[in-house]
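Peer 1: Dropping a structure here in structure tokens format, bear with me for questions.
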Amino acid sequence: MDDQVLDLRGLKCPLPVLKTRRAMRGLARGARLWVETTDPVSAIDLPNYCREDGHELVEIVADEGCHRFLIEHG
């Protein structure tokens, strides 16, 4: 199964976490989601969200003003 991508570039805190939470609710356990953001606070907020909600943060990629987070539904 291919990983889904959630493009949240241009959104500011708290919207990236809120929209990620909503998207994760619709996924099956073990499904993976790439989340793309430009809000620098997401580098703190999304790992905290994963820890609190029991999801695995598989990978973080930082690239010229954009962060990509690969999250596996836990």
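Note on naming: chains are A, B, ... as they come in the structure tokens, residues start from 1 per chain, ligands start from 1 in the order shown.
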When DSSP is applied to the backbone of this structure, which of chain A are assigned strand (DSSP E)? Write them out as a CSV table (one decimal) with C-alpha atoms, in the first residue's frame.
Peer 2:
chain,number,residue,atom,x,y,z
A,4,GLN,CA,-0.8,8.9,1.6
A,5,VAL,CA,0.3,12.5,1.6
A,6,LEU,CA,-1.3,15.3,3.5
A,7,ASP,CA,-0.2,18.7,2.2
A,32,ARG,CA,1.3,5.5,7.0
A,33,LEU,CA,0.8,9.2,6.2
A,34,TRP,CA,3.3,11.8,5.0
A,35,VAL,CA,2.5,15.2,6.4
A,36,GLU,CA,4.1,18.2,4.7
A,37,THR,CA,4.3,21.5,6.6
A,56,GLU,CA,5.0,6.2,15.5
A,57,LEU,CA,7.0,9.0,13.9
A,58,VAL,CA,9.0,7.0,11.4
A,59,GLU,CA,10.9,9.7,9.6
A,60,ILE,CA,11.4,13.5,9.5
A,61,VAL,CA,12.8,15.2,6.4
A,62,ALA,CA,13.6,18.9,6.6
A,63,ASP,CA,14.1,20.6,3.2
A,66,CYS,CA,9.4,22.5,4.4
A,67,HIS,CA,9.2,19.6,6.9
A,68,ARG,CA,7.9,16.2,5.9
A,69,PHE,CA,6.8,13.7,8.7
A,70,LEU,CA,6.1,10.1,8.0
A,71,ILE,CA,3.6,8.9,10.7
A,72,GLU,CA,2.5,5.3,11.2
Peer 1: Just want the 6 Å neighbourhood of Arg29 (chain A), counted on only C-alpha atoms, with same-chain residues fewer than 2 positions away dropped. Output as a list in words.
Peer 2: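 Near Arg29 (chain A), the qualifying residues are Ala31, His73 and Gly74 of chain A.
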Peer 1: How would you write, as a ChimeraX atom specification, the set of residues in chain A that DSSP gives as helix (DSSP H, G or I)?
Peer 2: /A:15-25,42-53
Peer 1: Between CA of Asp53 (chain A) and CA of Pro16 (chain A), what distance in Å does the model show, to one decimal?
Peer 2: 14.9 Å
Peer 1: Nearest to Leu8 (chain A) among A:Ile44, A:Ala28, A:Ala23, A:Cys50, with distances taken over only C-alpha atoms: which residue is it?
Peer 2: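 The closest residue to Leu8 (chain A) is A:Ala23.
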Peer 1: Here is a test: counting only C-alpha atoms, which residue of A:Arg25, A:Lys12, A:Gly54, A:Leu18 is nearest to Val41 (chain A)?
Peer 2: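 Checking each of A:Arg25, A:Lys12, A:Gly54, A:Leu18 against Val41 (chain A), counting only C-alpha atoms, the winner is A:Lys12.
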Peer 1: One decimal, Å: what's the distance from CA of Thr20 (chain A) over to CA of Leu46 (chain A), could you say?
Peer 2: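 If I compute the distance from CA of Thr20 (chain A) to CA of Leu46 (chain A), I get 8.4 Å.
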Peer 1: My list of candidates is A:Arg22, A:Glu64, A:Leu27, A:Leu15. Which is closest to Asp45 (chain A) when distances are computed with only C-alpha atoms?
Peer 2: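 Smallest distance to Asp45 (chain A) is found for A:Leu15.
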Peer 1: Separation of CA of Arg9 (chain A) and CA of Ser42 (chain A), in Å?
Peer 2: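 So the answer is 10.6 Å.
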Peer 1: Between A:Asp2, A:Pro47, A:His55, A:Gly65, single out the one closest to Val17 (chain A), counting only C-alpha atoms.
Peer 2: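 Ranking A:Asp2, A:Pro47, A:His55, A:Gly65 by distance to Val17 (chain A), first place goes to A:Pro47.
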